[in-house]
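> Pasting a structure below so you can have a look.
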Amino acid sequence: MVSALETTTAKALVLEELHKRYESRGREAFHAVKGIDLHIAPGELVALLGPSGCGKTTTLRMIAGLETVTSGDIRIGERSIPHLPPGKRDVGVGFESYALYPPLDVRGNLSYGLKARGVKDADARVRAIADRLEMSDLLELRPAGLSSGQKQRVALARALVRNPPVLLLDEPLSHLDAAQRQRVRRELKVLQREFGYTTIVVTHDQLEALSLADRLAVMDGGTIQQFGTADEIFDDPANRFVADFVGEPKINLLEGTVERTGTVRVGRDGVLPTASRAAPGTAVTVGVRPQDARIAREGETSVPGEVLVYENVLEFGLATVRVEGLDSSVVVQTPADLRYQRGESLRLTAPAERVYLFEPEGGARLR
Ligand SMILES: Nc1ncnc2c1ncn2[C@@H]1O[C@H](COP(=O)(O)OP(=O)(O)OP(=O)(O)O)[C@@H](O)[C@H]1O
């Protein structure tokens with residue numbers, strides 16, 4: 001246990017109808033964040049996940065007070081914060097762009113803010129955090145002598161050392177090598193649990209998001225497409241964007257037409273079961289994850305195909321299957337001991353509740 005680090009009183013973080021418009025003279029304003037609602041429980045860790053430009057960093061910067069809020073509210077506990085300067089918000093920020101002071105060594109950089117606020121055990125706290133993040137050996141170094149991975153750990157330590165009720169991290173582990181990344185990720189999670197920081201992590205990395213977060217907010221085009229646990233998002237995607245963005249290997253998205261309610265035609269001769277109640281004749285995009293597709297048993301509703309490629313990826317295999325009448329091939333994850341030959345014929349199916357139907361135009365889920 002780290003005696004110098006007292007636990008924080010966990011507080012909820014609430015974003016309500018949050019908007020950001022970037023105004024620039026002579027050009028139309030850019031609407032980067034479009035009415036985000038997010039209720040994060042005290043001590044919860046939420047990952048913001050989404051493609052480049054979807055508004056993740058802008059959202060974080062508005063919470064930190066580094067960017068003005070166009071409209072909407074942000075609350076930490078009961079307190080509304082958009083009118084407060086960054087230093088008065090009770091928020092710890094681990095952003096790469098947040099520069100370290102070059103004249104101070106790492107220890108000085110970490111303790112500076114604490115001492116400025118009159119925290120008595122600042123040095124002990126710095127030592128404790130440095131120890132936890134395995135960076136005690138960096139304390140005497142100056143920022144100019146640090147690698148990008150070391151700078152990143154210092155930025156993380158600087159955010160944690162303040163013991164903030166709310167912690168905001170933007171790509172906190174992106175410069176670490178694979179082994180360090182795993183260790184720091186684990187320690188970050190342990191510290192977060194131990195001290196109860198309500199945390200938002202922005203990341204491009206799905207695995208990082210899935211392993212760190214209690215819940216994920218999947219963003220696209222300045223809006224939240226789905227907010228839920230990894231299982232909820234994986235098993236019950238809100239729309240085609242979420243289904244396509246989350247999951248590795250990627251979900252198969254195929255053209256289809258509802259045949260009878262409860263079955264969908266795929267390719268020239270294929271039929272799959274589906275739990276969707278979409279009406280017969282509806283043109284749809286059919287989503288089936290490689291993990292859910294399997295070889296059909298005799299007499300099951302299925303899609304005939306031919307193996308184009310079979311790859312063995314250690315713990316499982318991946319068969320790429322051509323289906324007559326479909327433009328794209330279908331990827332199926334198989335147990336490692338099922339080896340297929342190129343040219344082999346097979347029939348594929350999937351459980352009805354794992355065959356998702358989406359509107360071909362906007363990608364809305366057809367339930
Ligand atoms: N100061 C600014 N003025 C105008 N537009 C901006 C400004 N900052 C960001 N944007 C635009 O707002 C959109 C959202 O940017 P943001 O950095 O929040 O995205 P992001 O999801 O964090 O992306 P990335 O993962 O690439 O950092 C982008 O289209 C970006 O070009």
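As shown in the structure tokens, the chain order sets the letters A, B, ...; within each chain, residues go from 1, and ligands are also counted from 1 in the order they appear.
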Give me, as a list in words, the set of residues whose atoms come within 6 Å of any atom of ligand 1, counting only C-alpha atoms and all ligand atoms.

Tyr22, Ala32, Ser52, Gly53, Cys54, Gly55, Lys56, Thr57 and Thr58 of chain A

> Suppose we keep N, CA and C atoms; can you now write the selection as a compact mmCIF listing (two decimals), in the first residue's frame?


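And here is the file that came out, part_18.txt:
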# COMPACT_ATOMS: atom_id res chain seq x y z
N TYR A 22 -16.37 24.80 -33.72
CA TYR A 22 -15.16 25.60 -33.92
C TYR A 22 -15.49 26.69 -34.91
N ALA A 32 -17.89 19.95 -34.22
CA ALA A 32 -17.05 18.79 -33.90
C ALA A 32 -17.70 17.86 -32.89
N SER A 52 -10.38 8.60 -36.22
CA SER A 52 -9.74 9.90 -36.14
C SER A 52 -10.72 10.99 -36.57
N GLY A 53 -10.78 12.05 -35.76
CA GLY A 53 -11.63 13.19 -36.12
C GLY A 53 -13.06 13.10 -35.61
N CYS A 54 -13.38 12.08 -34.81
CA CYS A 54 -14.77 11.91 -34.38
C CYS A 54 -15.14 12.79 -33.19
N GLY A 55 -14.14 13.49 -32.60
CA GLY A 55 -14.45 14.43 -31.52
C GLY A 55 -14.03 13.98 -30.14
N LYS A 56 -13.23 12.92 -30.04
CA LYS A 56 -12.82 12.40 -28.74
C LYS A 56 -11.99 13.43 -27.97
N THR A 57 -10.94 13.92 -28.64
CA THR A 57 -10.03 14.85 -27.96
C THR A 57 -10.74 16.15 -27.61
N THR A 58 -11.58 16.61 -28.52
CA THR A 58 -12.33 17.85 -28.25
C THR A 58 -13.19 17.68 -27.00

> Just list the residues in stretch 129-271 of chain A DSSP gives strand (DSSP E) on the backbone, as an MDAnalysis selection string.

chainID A and resid 166:170 198:203 215:220 223:228 252:258 263:266 270:271

> Would you mind exporting the chosen residues as a short mmCIF file (atom, residue, chain, number, x, y, z; two decimals), in the first residue's frame, restricted to C-alpha atoms?


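To be explicit, this is the file written out as part19.cif:
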data_model
loop_
_atom_site.label_atom_id
_atom_site.label_comp_id
_atom_site.auth_asym_id
_atom_site.auth_seq_id
_atom_site.Cartn_x
_atom_site.Cartn_y
_atom_site.Cartn_z
CA VAL A 166 -11.63 12.95 -12.32
CA LEU A 167 -8.82 11.74 -14.54
CA LEU A 168 -8.64 12.42 -18.28
CA LEU A 169 -6.14 10.50 -20.38
CA ASP A 170 -5.58 10.97 -24.10
CA THR A 198 -13.59 8.61 -12.30
CA THR A 199 -11.69 8.23 -15.54
CA ILE A 200 -12.05 8.82 -19.26
CA VAL A 201 -9.44 7.34 -21.54
CA VAL A 202 -9.31 8.27 -25.21
CA THR A 203 -7.78 5.57 -27.34
CA ARG A 215 -17.86 0.82 -20.28
CA LEU A 216 -17.06 2.05 -23.76
CA ALA A 217 -18.49 5.03 -25.60
CA VAL A 218 -18.17 4.45 -29.34
CA MET A 219 -18.11 7.78 -31.18
CA ASP A 220 -18.51 8.79 -34.81
CA THR A 223 -21.93 11.81 -31.58
CA ILE A 224 -22.00 8.78 -29.32
CA GLN A 225 -23.18 5.80 -31.31
CA GLN A 226 -23.35 3.39 -28.37
CA PHE A 227 -22.44 3.43 -24.67
CA GLY A 228 -22.17 0.11 -22.89
CA ASN A 252 -18.72 -9.67 -42.26
CA LEU A 253 -21.14 -7.19 -43.84
CA LEU A 254 -23.07 -8.80 -46.68
CA GLU A 255 -25.94 -7.79 -48.94
CA GLY A 256 -29.15 -9.65 -48.31
CA THR A 257 -32.94 -9.65 -48.56
CA VAL A 258 -35.34 -10.76 -45.87
CA THR A 263 -34.67 -15.74 -42.38
CA VAL A 264 -32.54 -13.70 -44.73
CA ARG A 265 -31.29 -14.59 -48.23
CA VAL A 266 -27.56 -14.13 -48.73
CA GLY A 270 -27.80 -19.03 -49.21
CA VAL A 271 -30.25 -18.46 -46.36
#

> DSSP on the backbone: what in stretch 205-246 of chain A comes out alpha helix (DSSP H), as a VMD selection string?

chain A and resid 206 to 212 230 to 235 240 to 245

> Can I get the selected residues back with N, CA and C atoms, as an mmCIF file, in the first residue's frame?


data_model
loop_
_atom_site.group_PDB
_atom_site.id
_atom_site.type_symbol
_atom_site.label_atom_id
_atom_site.label_comp_id
_atom_site.auth_asym_id
_atom_site.auth_seq_id
_atom_site.Cartn_x
_atom_site.Cartn_y
_atom_site.Cartn_z
ATOM 1 N N GLN A 206 -8.425 -0.735 -29.702
ATOM 2 C CA GLN A 206 -9.587 -1.467 -29.189
ATOM 3 C C GLN A 206 -9.238 -2.355 -28.017
ATOM 4 N N LEU A 207 -8.116 -3.039 -28.145
ATOM 5 C CA LEU A 207 -7.729 -3.972 -27.095
ATOM 6 C C LEU A 207 -7.503 -3.216 -25.790
ATOM 7 N N GLU A 208 -6.875 -2.043 -25.908
ATOM 8 C CA GLU A 208 -6.628 -1.218 -24.743
ATOM 9 C C GLU A 208 -7.965 -0.779 -24.121
ATOM 10 N N ALA A 209 -8.866 -0.356 -24.971
ATOM 11 C CA ALA A 209 -10.181 0.094 -24.497
ATOM 12 C C ALA A 209 -10.913 -1.057 -23.812
ATOM 13 N N LEU A 210 -10.897 -2.218 -24.447
ATOM 14 C CA LEU A 210 -11.635 -3.361 -23.907
ATOM 15 C C LEU A 210 -11.037 -3.824 -22.585
ATOM 16 N N SER A 211 -9.713 -3.783 -22.488
ATOM 17 C CA SER A 211 -9.104 -4.326 -21.276
ATOM 18 C C SER A 211 -9.162 -3.332 -20.116
ATOM 19 N N LEU A 212 -9.182 -2.042 -20.422
ATOM 20 C CA LEU A 212 -9.167 -1.054 -19.338
ATOM 21 C C LEU A 212 -10.553 -0.694 -18.828
ATOM 22 N N ALA A 230 -18.238 -3.836 -22.867
ATOM 23 C CA ALA A 230 -17.667 -4.458 -24.065
ATOM 24 C C ALA A 230 -18.601 -5.555 -24.586
ATOM 25 N N ASP A 231 -19.162 -6.346 -23.678
ATOM 26 C CA ASP A 231 -20.052 -7.428 -24.101
ATOM 27 C C ASP A 231 -21.309 -6.892 -24.771
ATOM 28 N N GLU A 232 -21.889 -5.848 -24.180
ATOM 29 C CA GLU A 232 -23.106 -5.281 -24.775
ATOM 30 C C GLU A 232 -22.832 -4.773 -26.187
ATOM 31 N N ILE A 233 -21.691 -4.122 -26.347
ATOM 32 C CA ILE A 233 -21.371 -3.539 -27.653
ATOM 33 C C ILE A 233 -21.032 -4.628 -28.665
ATOM 34 N N PHE A 234 -20.332 -5.628 -28.207
ATOM 35 C CA PHE A 234 -19.943 -6.707 -29.116
ATOM 36 C C PHE A 234 -21.148 -7.585 -29.485
ATOM 37 N N ASP A 235 -21.971 -7.901 -28.486
ATOM 38 C CA ASP A 235 -23.065 -8.844 -28.704
ATOM 39 C C ASP A 235 -24.319 -8.189 -29.272
ATOM 40 N N ARG A 240 -24.717 -0.369 -37.738
ATOM 41 C CA ARG A 240 -23.662 -0.968 -38.559
ATOM 42 C C ARG A 240 -22.298 -0.368 -38.233
ATOM 43 N N PHE A 241 -22.259 0.954 -37.961
ATOM 44 C CA PHE A 241 -20.972 1.570 -37.652
ATOM 45 C C PHE A 241 -20.314 0.883 -36.452
ATOM 46 N N VAL A 242 -21.078 0.712 -35.385
ATOM 47 C CA VAL A 242 -20.524 0.102 -34.163
ATOM 48 C C VAL A 242 -20.111 -1.346 -34.444
ATOM 49 N N ALA A 243 -20.957 -2.071 -35.156
ATOM 50 C CA ALA A 243 -20.655 -3.476 -35.459
ATOM 51 C C ALA A 243 -19.356 -3.585 -36.241
ATOM 52 N N ASP A 244 -19.162 -2.637 -37.149
ATOM 53 C CA ASP A 244 -17.999 -2.661 -38.025
ATOM 54 C C ASP A 244 -16.750 -2.169 -37.295
ATOM 55 N N PHE A 245 -16.919 -1.199 -36.394
ATOM 56 C CA PHE A 245 -15.760 -0.573 -35.740
ATOM 57 C C PHE A 245 -15.201 -1.431 -34.618
#

> Which residue gives the smallest distance to A:Leu13 among A:Gly149, A:Gly92, A:Gly43, A:Gly113, with only C-alpha atoms counted?

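Result for the nearest residue to A:Leu13: A:Gly43.
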
> For a test of reading the model, state the distance in Å between atom CA of A:Gln291 and atom CA of A:Glu361, rounded to one decimal.

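Computing the Euclidean distance for atom CA of A:Gln291 and atom CA of A:Glu361 yields 25.5 Å.
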
> One number please: atom CA of A:Lys115 to atom CA of A:Arg183, in Å, one decimal.

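So the answer is 29.2 Å.
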
> Of the candidates A:Phe95, A:Tyr112, A:Phe30, A:Tyr356, which one gets nearest to A:Asp236 if we count only C-alpha atoms?

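Closest to A:Asp236, using only C-alpha atoms: A:Tyr356.
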
> When you look at stretch 274-282 of chain A with a cut-off of 8 Å (counting only C-alpha atoms), what residues show up, excluding the ones that are within fewer than 4 positions of it in the same chain? I need them as a list of chain:residue names.

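Residues meeting the cut-off are A:Thr257, A:Val258, A:Glu259, A:Arg260, A:Thr261, A:Gly262, A:Thr263, A:Val264, A:Pro351, A:Ala352, A:Glu353, A:Arg354, A:Val355, A:Tyr356, A:Leu357, A:Leu366, A:Arg367.
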
> Considering only C-alpha atoms, return as a ChimeraX atom specification whatever protein or nucleic-acid residues lie within 7 Å of A:Ala293, sequence-local ones (same chain, fewer than 2 positions apart) excluded.

/A:288-291,332,348-350

> How would the residues just picked look written out with N, CA and C atoms as a PDB file, in the first residue's frame?


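What follows is the written file part-v1.pdb:
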ATOM      1  N   VAL A 288     -22.478 -10.612 -39.743  1.00  0.00           N
ATOM      2  CA  VAL A 288     -22.163 -11.852 -39.012  1.00  0.00           C
ATOM      3  C   VAL A 288     -20.697 -11.799 -38.613  1.00  0.00           C
ATOM      4  N   ARG A 289     -20.423 -11.909 -37.332  1.00  0.00           N
ATOM      5  CA  ARG A 289     -19.031 -11.880 -36.901  1.00  0.00           C
ATOM      6  C   ARG A 289     -18.326 -13.197 -37.246  1.00  0.00           C
ATOM      7  N   PRO A 290     -17.037 -13.125 -37.615  1.00  0.00           N
ATOM      8  CA  PRO A 290     -16.287 -14.343 -37.901  1.00  0.00           C
ATOM      9  C   PRO A 290     -16.350 -15.349 -36.744  1.00  0.00           C
ATOM     10  N   GLN A 291     -16.462 -14.817 -35.511  1.00  0.00           N
ATOM     11  CA  GLN A 291     -16.517 -15.697 -34.333  1.00  0.00           C
ATOM     12  C   GLN A 291     -17.856 -16.411 -34.222  1.00  0.00           C
ATOM     13  N   VAL A 332     -14.546 -16.637 -41.624  1.00  0.00           N
ATOM     14  CA  VAL A 332     -15.077 -17.485 -40.559  1.00  0.00           C
ATOM     15  C   VAL A 332     -13.937 -17.867 -39.630  1.00  0.00           C
ATOM     16  N   LEU A 348     -22.163 -22.647 -44.418  1.00  0.00           N
ATOM     17  CA  LEU A 348     -22.000 -21.827 -43.222  1.00  0.00           C
ATOM     18  C   LEU A 348     -23.343 -21.447 -42.629  1.00  0.00           C
ATOM     19  N   THR A 349     -23.358 -21.306 -41.308  1.00  0.00           N
ATOM     20  CA  THR A 349     -24.529 -20.740 -40.654  1.00  0.00           C
ATOM     21  C   THR A 349     -24.084 -19.981 -39.404  1.00  0.00           C
ATOM     22  N   ALA A 350     -25.041 -19.429 -38.673  1.00  0.00           N
ATOM     23  CA  ALA A 350     -24.746 -18.708 -37.420  1.00  0.00           C
ATOM     24  C   ALA A 350     -26.028 -18.712 -36.608  1.00  0.00           C
TER      25      ALA A 350
END

> Do a neighbour search on A:Gly94 at 6 Å with only C-alpha atoms, toss out local chain neighbours closer than 2 positions, and write the hits as a PyMOL selection string.

chain A and resi 155-156+159+169

> Can you write just those residues out, N, CA and C atoms, as an mmCIF file, in the first residue's frame?


data_model
loop_
_atom_site.group_PDB
_atom_site.id
_atom_site.type_symbol
_atom_site.label_atom_id
_atom_site.label_comp_id
_atom_site.auth_asym_id
_atom_site.auth_seq_id
_atom_site.Cartn_x
_atom_site.Cartn_y
_atom_site.Cartn_z
ATOM 1 N N ALA A 155 3.891 12.033 -17.971
ATOM 2 C CA ALA A 155 2.609 12.739 -18.111
ATOM 3 C C ALA A 155 1.521 12.025 -17.315
ATOM 4 N N LEU A 156 1.549 10.704 -17.363
ATOM 5 C CA LEU A 156 0.561 9.901 -16.630
ATOM 6 C C LEU A 156 0.765 10.098 -15.119
ATOM 7 N N ALA A 159 -0.509 13.400 -13.902
ATOM 8 C CA ALA A 159 -1.966 13.437 -13.741
ATOM 9 C C ALA A 159 -2.375 12.728 -12.445
ATOM 10 N N LEU A 169 -7.368 10.978 -19.746
ATOM 11 C CA LEU A 169 -6.142 10.497 -20.382
ATOM 12 C C LEU A 169 -6.357 10.379 -21.885
#
